[in-house]
$ cat data_17.cif   # mmCIF, C-alpha atoms; chains and numbers go by the auth columns
data_start
#
loop_
_atom_site.group_PDB
_atom_site.id
_atom_site.type_symbol
_atom_site.label_atom_id
_atom_site.label_comp_id
_atom_site.label_asym_id
_atom_site.label_seq_id
_atom_site.Cartn_x
_atom_site.Cartn_y
_atom_site.Cartn_z
_atom_site.B_iso_or_equiv
_atom_site.auth_seq_id
_atom_site.auth_asym_id
ATOM 1 C CA PRO A 1 7.213 -30.959 -23.337 0.00 1 V
ATOM 2 C CA PRO A 2 5.893 -28.688 -20.567 0.00 2 V
ATOM 3 C CA LEU A 3 8.885 -29.599 -18.407 0.00 3 V
ATOM 4 C CA ARG A 4 12.457 -30.017 -19.523 0.00 4 V
ATOM 5 C CA GLY A 5 15.676 -30.129 -17.558 0.00 5 V
ATOM 6 C CA ARG A 6 19.354 -30.448 -18.285 0.00 6 V
ATOM 7 C CA ARG A 7 22.384 -31.283 -16.211 0.00 7 V
ATOM 8 C CA LEU A 8 25.994 -30.324 -16.895 0.00 8 V
ATOM 9 C CA VAL A 9 28.102 -33.422 -17.337 0.00 9 V
ATOM 10 C CA GLY A 10 31.710 -32.596 -18.093 0.00 10 V
ATOM 11 C CA ALA A 11 31.599 -29.855 -20.705 0.00 11 V
ATOM 12 C CA GLU A 12 28.176 -30.688 -22.123 0.00 12 V
ATOM 13 C CA TYR A 13 24.576 -30.557 -20.978 0.00 13 V
ATOM 14 C CA GLU A 14 22.635 -33.776 -20.908 0.00 14 V
ATOM 15 C CA ILE A 15 18.817 -33.889 -20.918 0.00 15 V
ATOM 16 C CA LEU A 16 17.288 -35.126 -17.671 0.00 16 V
ATOM 17 C CA PRO A 17 14.796 -37.963 -18.038 0.00 17 V
ATOM 18 C CA LEU A 18 11.174 -36.886 -17.694 0.00 18 V
ATOM 19 C CA GLU A 19 9.123 -39.253 -15.567 0.00 19 V
ATOM 20 C CA GLU A 20 5.368 -39.572 -15.972 0.00 20 V
ATOM 21 C CA LEU A 21 3.614 -40.234 -12.656 0.00 21 V
ATOM 22 C CA GLU A 22 0.032 -41.207 -11.869 0.00 22 V
ATOM 23 C CA GLY A 23 -2.544 -38.524 -12.510 0.00 23 V
ATOM 24 C CA ASP A 24 -0.791 -37.010 -15.541 0.00 24 V
ATOM 25 C CA ILE A 25 1.994 -35.569 -13.383 0.00 25 V
ATOM 26 C CA LEU A 26 5.387 -34.981 -14.993 0.00 26 V
ATOM 27 C CA SER A 27 8.502 -35.047 -12.813 0.00 27 V
ATOM 28 C CA ILE A 28 12.205 -34.237 -13.114 0.00 28 V
ATOM 29 C CA PRO A 29 14.561 -34.690 -10.134 0.00 29 V
ATOM 30 C CA SER A 30 16.954 -31.866 -9.284 0.00 30 V
ATOM 31 C CA GLN A 31 20.124 -33.007 -7.531 0.00 31 V
ATOM 32 C CA VAL A 32 21.101 -29.386 -6.933 0.00 32 V
ATOM 33 C CA LEU A 33 17.842 -28.568 -5.135 0.00 33 V
ATOM 34 C CA GLY A 34 17.298 -32.012 -3.670 0.00 34 V
ATOM 35 C CA LEU A 35 13.726 -31.771 -4.922 0.00 35 V
ATOM 36 C CA GLU A 36 11.590 -32.933 -7.786 0.00 36 V
ATOM 37 C CA LEU A 37 10.140 -30.381 -10.165 0.00 37 V
ATOM 38 C CA ARG A 38 6.651 -31.495 -11.066 0.00 38 V
ATOM 39 C CA VAL A 39 4.069 -30.252 -13.498 0.00 39 V
ATOM 40 C CA LEU A 40 0.653 -31.165 -12.144 0.00 40 V
ATOM 41 C CA SER A 41 -2.267 -32.144 -14.353 0.00 41 V
ATOM 42 C CA ASP A 42 -3.641 -28.578 -14.062 0.00 42 V
ATOM 43 C CA GLY A 43 -0.360 -27.172 -15.455 0.00 43 V
ATOM 44 C CA ARG A 44 1.010 -25.755 -12.204 0.00 44 V
ATOM 45 C CA LEU A 45 4.730 -26.186 -11.524 0.00 45 V
ATOM 46 C CA ARG A 46 5.367 -27.443 -7.975 0.00 46 V
ATOM 47 C CA PHE A 47 8.424 -28.508 -6.031 0.00 47 V
ATOM 48 C CA PHE A 48 8.142 -31.899 -4.338 0.00 48 V
ATOM 49 C CA ASP A 49 10.321 -33.104 -1.462 0.00 49 V
ATOM 50 C CA SER A 50 10.603 -36.861 -1.890 0.00 50 V
ATOM 51 C CA VAL A 51 12.159 -37.231 1.579 0.00 51 V
ATOM 52 C CA SER A 52 9.157 -35.740 3.408 0.00 52 V
ATOM 53 C CA GLY A 53 6.689 -36.825 0.708 0.00 53 V
ATOM 54 C CA GLU A 54 5.202 -33.325 0.584 0.00 54 V
ATOM 55 C CA TYR A 55 4.940 -30.473 -1.865 0.00 55 V
ATOM 56 C CA LEU A 56 6.614 -27.230 -0.904 0.00 56 V
ATOM 57 C CA ARG A 57 4.167 -24.410 -0.424 0.00 57 V
ATOM 58 C CA SER A 58 3.464 -22.238 -3.412 0.00 58 V
ATOM 59 C CA PRO A 59 3.819 -18.456 -3.052 0.00 59 V
ATOM 60 C CA GLU A 60 0.020 -18.222 -2.882 0.00 60 V
ATOM 61 C CA GLU A 61 -0.159 -20.881 -0.158 0.00 61 V
ATOM 62 C CA SER A 62 2.619 -19.148 1.779 0.00 62 V
ATOM 63 C CA GLU A 63 0.806 -15.819 1.560 0.00 63 V
ATOM 64 C CA GLN A 64 -2.474 -17.436 2.586 0.00 64 V
ATOM 65 C CA GLU A 65 -0.731 -19.035 5.579 0.00 65 V
ATOM 66 C CA ARG A 66 0.806 -15.674 6.568 0.00 66 V
ATOM 67 C CA ILE A 67 -2.619 -14.032 6.339 0.00 67 V
ATOM 68 C CA GLN A 68 -4.162 -16.803 8.426 0.00 68 V
ATOM 69 C CA GLU A 69 -1.400 -16.509 11.048 0.00 69 V
ATOM 70 C CA ARG A 70 -1.924 -12.736 11.222 0.00 70 V
ATOM 71 C CA MET A 71 -5.669 -13.248 11.615 0.00 71 V
ATOM 72 C CA GLN A 72 -5.133 -15.804 14.387 0.00 72 V
ATOM 73 C CA ALA A 73 -2.691 -13.474 16.131 0.00 73 V
ATOM 74 C CA GLU A 74 -5.202 -10.623 15.868 0.00 74 V
ATOM 75 C CA GLN A 75 -7.979 -12.849 17.247 0.00 75 V
ATOM 76 C CA GLU A 76 -5.718 -13.863 20.134 0.00 76 V
ATOM 77 C CA ARG A 77 -4.856 -10.199 20.766 0.00 77 V
ATOM 78 C CA MET A 78 -8.568 -9.345 20.775 0.00 78 V
ATOM 79 C CA ARG A 79 -9.343 -12.218 23.179 0.00 79 V
ATOM 80 C CA ALA A 80 -6.573 -11.027 25.489 0.00 80 V
ATOM 81 C CA GLU A 81 -7.907 -7.468 25.296 0.00 81 V
ATOM 82 C CA GLN A 82 -11.437 -8.677 26.100 0.00 82 V
ATOM 83 C CA GLU A 83 -10.084 -10.648 29.049 0.00 83 V
ATOM 84 C CA ARG A 84 -8.152 -7.595 30.248 0.00 84 V
ATOM 85 C CA MET A 85 -11.310 -5.480 29.970 0.00 85 V
ATOM 86 C CA ARG A 86 -13.348 -8.106 31.867 0.00 86 V
ATOM 87 C CA ALA A 87 -10.716 -8.120 34.601 0.00 87 V
ATOM 88 C CA GLN A 88 -10.826 -4.307 34.777 0.00 88 V
ATOM 89 C CA GLN A 89 -14.626 -4.366 34.967 0.00 89 V
ATOM 90 C CA GLU A 90 -14.480 -6.929 37.757 0.00 90 V
ATOM 91 C CA GLN A 91 -11.899 -4.839 39.574 0.00 91 V
ATOM 92 C CA PHE A 92 -14.104 -1.768 39.121 0.00 92 V
ATOM 93 C CA ARG A 93 -17.157 -3.656 40.454 0.00 93 V
ATOM 94 C CA ALA A 94 -15.140 -4.885 43.442 0.00 94 V
ATOM 95 C CA GLU A 95 -13.955 -1.328 44.136 0.00 95 V
ATOM 96 C CA GLN A 96 -17.543 -0.043 43.924 0.00 96 V
ATOM 97 C CA GLU A 97 -18.682 -2.756 46.320 0.00 97 V
ATOM 98 C CA ARG A 98 -15.862 -1.913 48.728 0.00 98 V
ATOM 99 C CA MET A 99 -16.814 1.774 48.588 0.00 99 V
ATOM 100 C CA ARG A 100 -20.507 0.916 49.201 0.00 100 V
ATOM 101 C CA ALA A 101 -19.512 -1.213 52.188 0.00 101 V
ATOM 102 C CA GLU A 102 -17.337 1.595 53.579 0.00 102 V
ATOM 103 C CA GLN A 103 -20.202 4.090 53.065 0.00 103 V
ATOM 104 C CA ALA A 104 -22.630 1.749 54.827 0.00 104 V
ATOM 105 C CA GLU A 105 -20.118 1.336 57.683 0.00 105 V
ATOM 106 C CA ARG A 106 -19.776 5.145 57.987 0.00 106 V
ATOM 107 C CA GLU A 107 -23.561 5.585 57.991 0.00 107 V
ATOM 108 C CA LEU A 108 -23.910 2.881 60.635 0.00 108 V
ATOM 109 C CA GLU A 109 -21.267 4.568 62.782 0.00 109 V
ATOM 110 C CA GLN A 110 -23.073 7.909 62.362 0.00 110 V
ATOM 111 C CA LEU A 111 -26.309 6.286 63.517 0.00 111 V
ATOM 112 C CA ARG A 112 -24.559 4.742 66.518 0.00 112 V
ATOM 113 C CA ASN A 113 -23.069 8.127 67.413 0.00 113 V
ATOM 114 C CA LEU A 114 -26.500 9.774 67.063 0.00 114 V
ATOM 115 C CA LEU A 115 -28.006 7.157 69.356 0.00 115 V
ATOM 116 C CA ARG A 116 -25.220 7.699 71.878 0.00 116 V
ATOM 117 C CA GLU A 117 -25.830 11.485 71.760 0.00 117 V
ATOM 118 C CA ARG A 118 -29.442 10.775 72.643 0.00 118 V
ATOM 119 C CA GLY A 119 -28.421 8.571 75.547 0.00 119 V
ATOM 120 C CA ILE A 120 -28.952 5.224 73.921 0.00 120 V
ATOM 121 C CA ASN A 121 -26.111 2.745 73.878 0.00 121 V
ATOM 122 C CA PRO A 122 -26.403 0.709 70.627 0.00 122 V
ATOM 123 C CA ASP A 123 -23.813 -1.776 71.896 0.00 123 V
ATOM 124 C CA ASP A 124 -26.255 -2.964 74.585 0.00 124 V
ATOM 125 C CA TRP A 125 -28.818 -4.116 72.017 0.00 125 V
ATOM 126 C CA SER A 126 -29.110 -7.756 71.364 0.00 126 V
ATOM 127 C CA THR A 127 -29.749 -8.921 67.841 0.00 127 V
#
$ encode --input "data_17.cif" --output "structure tokens"
Amino acid sequence: PPLRGRRLVGAEYEILPLEELEGDILSIPSQVLGLELRVLSDGRLRFFDSVSGEYLRSPEESEQERIQERMQAEQERMRAEQERMRAQQEQFRAEQERMRAEQAERELEQLRNLLRERGINPDDWST
């Protein structure tokens, strides 16, 4: 059979009963592991946790999950970097606007001073 197990009983090994499940799945319980060892219909050996009712991840599934987690972390890092860059751009735009406003204020003050030098009081003007 594609799956065979033995258990030590006293001084001798006894063959574990092989159970045939739906879908051509073969199963042997392991008391040591607390899991079932199953051969699926496609021939893959999988560990099954009967308490949770789920298969343990295969090495390939674990690696795929690690790759996916790394990709998600990288995407999150890139989103955070984009957000940081947007914040810097906004800060830069705000600084440019502040500098333009200060320049306009200086130019206005220069014009007021020029008017005063020519005998015109700009503060007397009504808007």
$ closest_residue --input "data_17.cif" --among "V:Gln64, V:Gln89, V:Asn113, V:Ser30" --to "Arg6 (chain V)" --atoms "only C-alpha atoms"
V:Ser30
$ closest_residue --input "data_17.cif" --among "V:Gly23, V:Leu45, V:Glu102, V:Arg86" --to "Arg4 (chain V)" --atoms "all atoms listed in the file"
V:Leu45
$ atom_distance --input "data_17.cif" --atom1 "CA of Ile15 (chain V)" --atom2 "CA of Pro59 (chain V)"
28.0 Å
$ axis_aligned_box --input "data_17.cif" --around "region 103-117 of chain V" --padding-each-side "3 Å" --output "AutoDock Vina command-line options"
--center_x -23.9 --center_y 6.4 --center_z 62.5 --size_x 14.2 --size_y 16.1 --size_z 24.8
$ atom_distance --input "data_17.cif" --atom1 "CA of Glu19 (chain V)" --atom2 "CA of Leu35 (chain V)"
13.8 Å
$ resolve_selection --input "data_17.cif" --expression "the PyMOL selection byres ((chain V and resi 27) around 9)" --output "NGL selection string"
:V and (3 or 17-21 or 25-26 or 28-29 or 36-40)
$ closest_residue --input "data_17.cif" --among "V:Leu114, V:Leu33, V:Met71, V:Val9" --to "Phe47 (chain V)" --atoms "all atoms listed in the file"
V:Leu33
$ atom_distance --input "data_17.cif" --atom1 "CA of Arg44 (chain V)" --atom2 "CA of Asp24 (chain V)"
11.9 Å
$ residues_around --input "data_17.cif" --residues "Arg57 (chain V)" --least-positions-apart "2" --cutoff "12 Å" --atoms "only C-alpha atoms" --output "count of residues only"
15
$ residues_around --input "data_17.cif" --residues "Pro122 (chain V)" --least-positions-apart "2" --cutoff "12 Å" --atoms "all atoms listed in the file" --output "PyMOL selection string"
chain V and resi 108-120+124-127
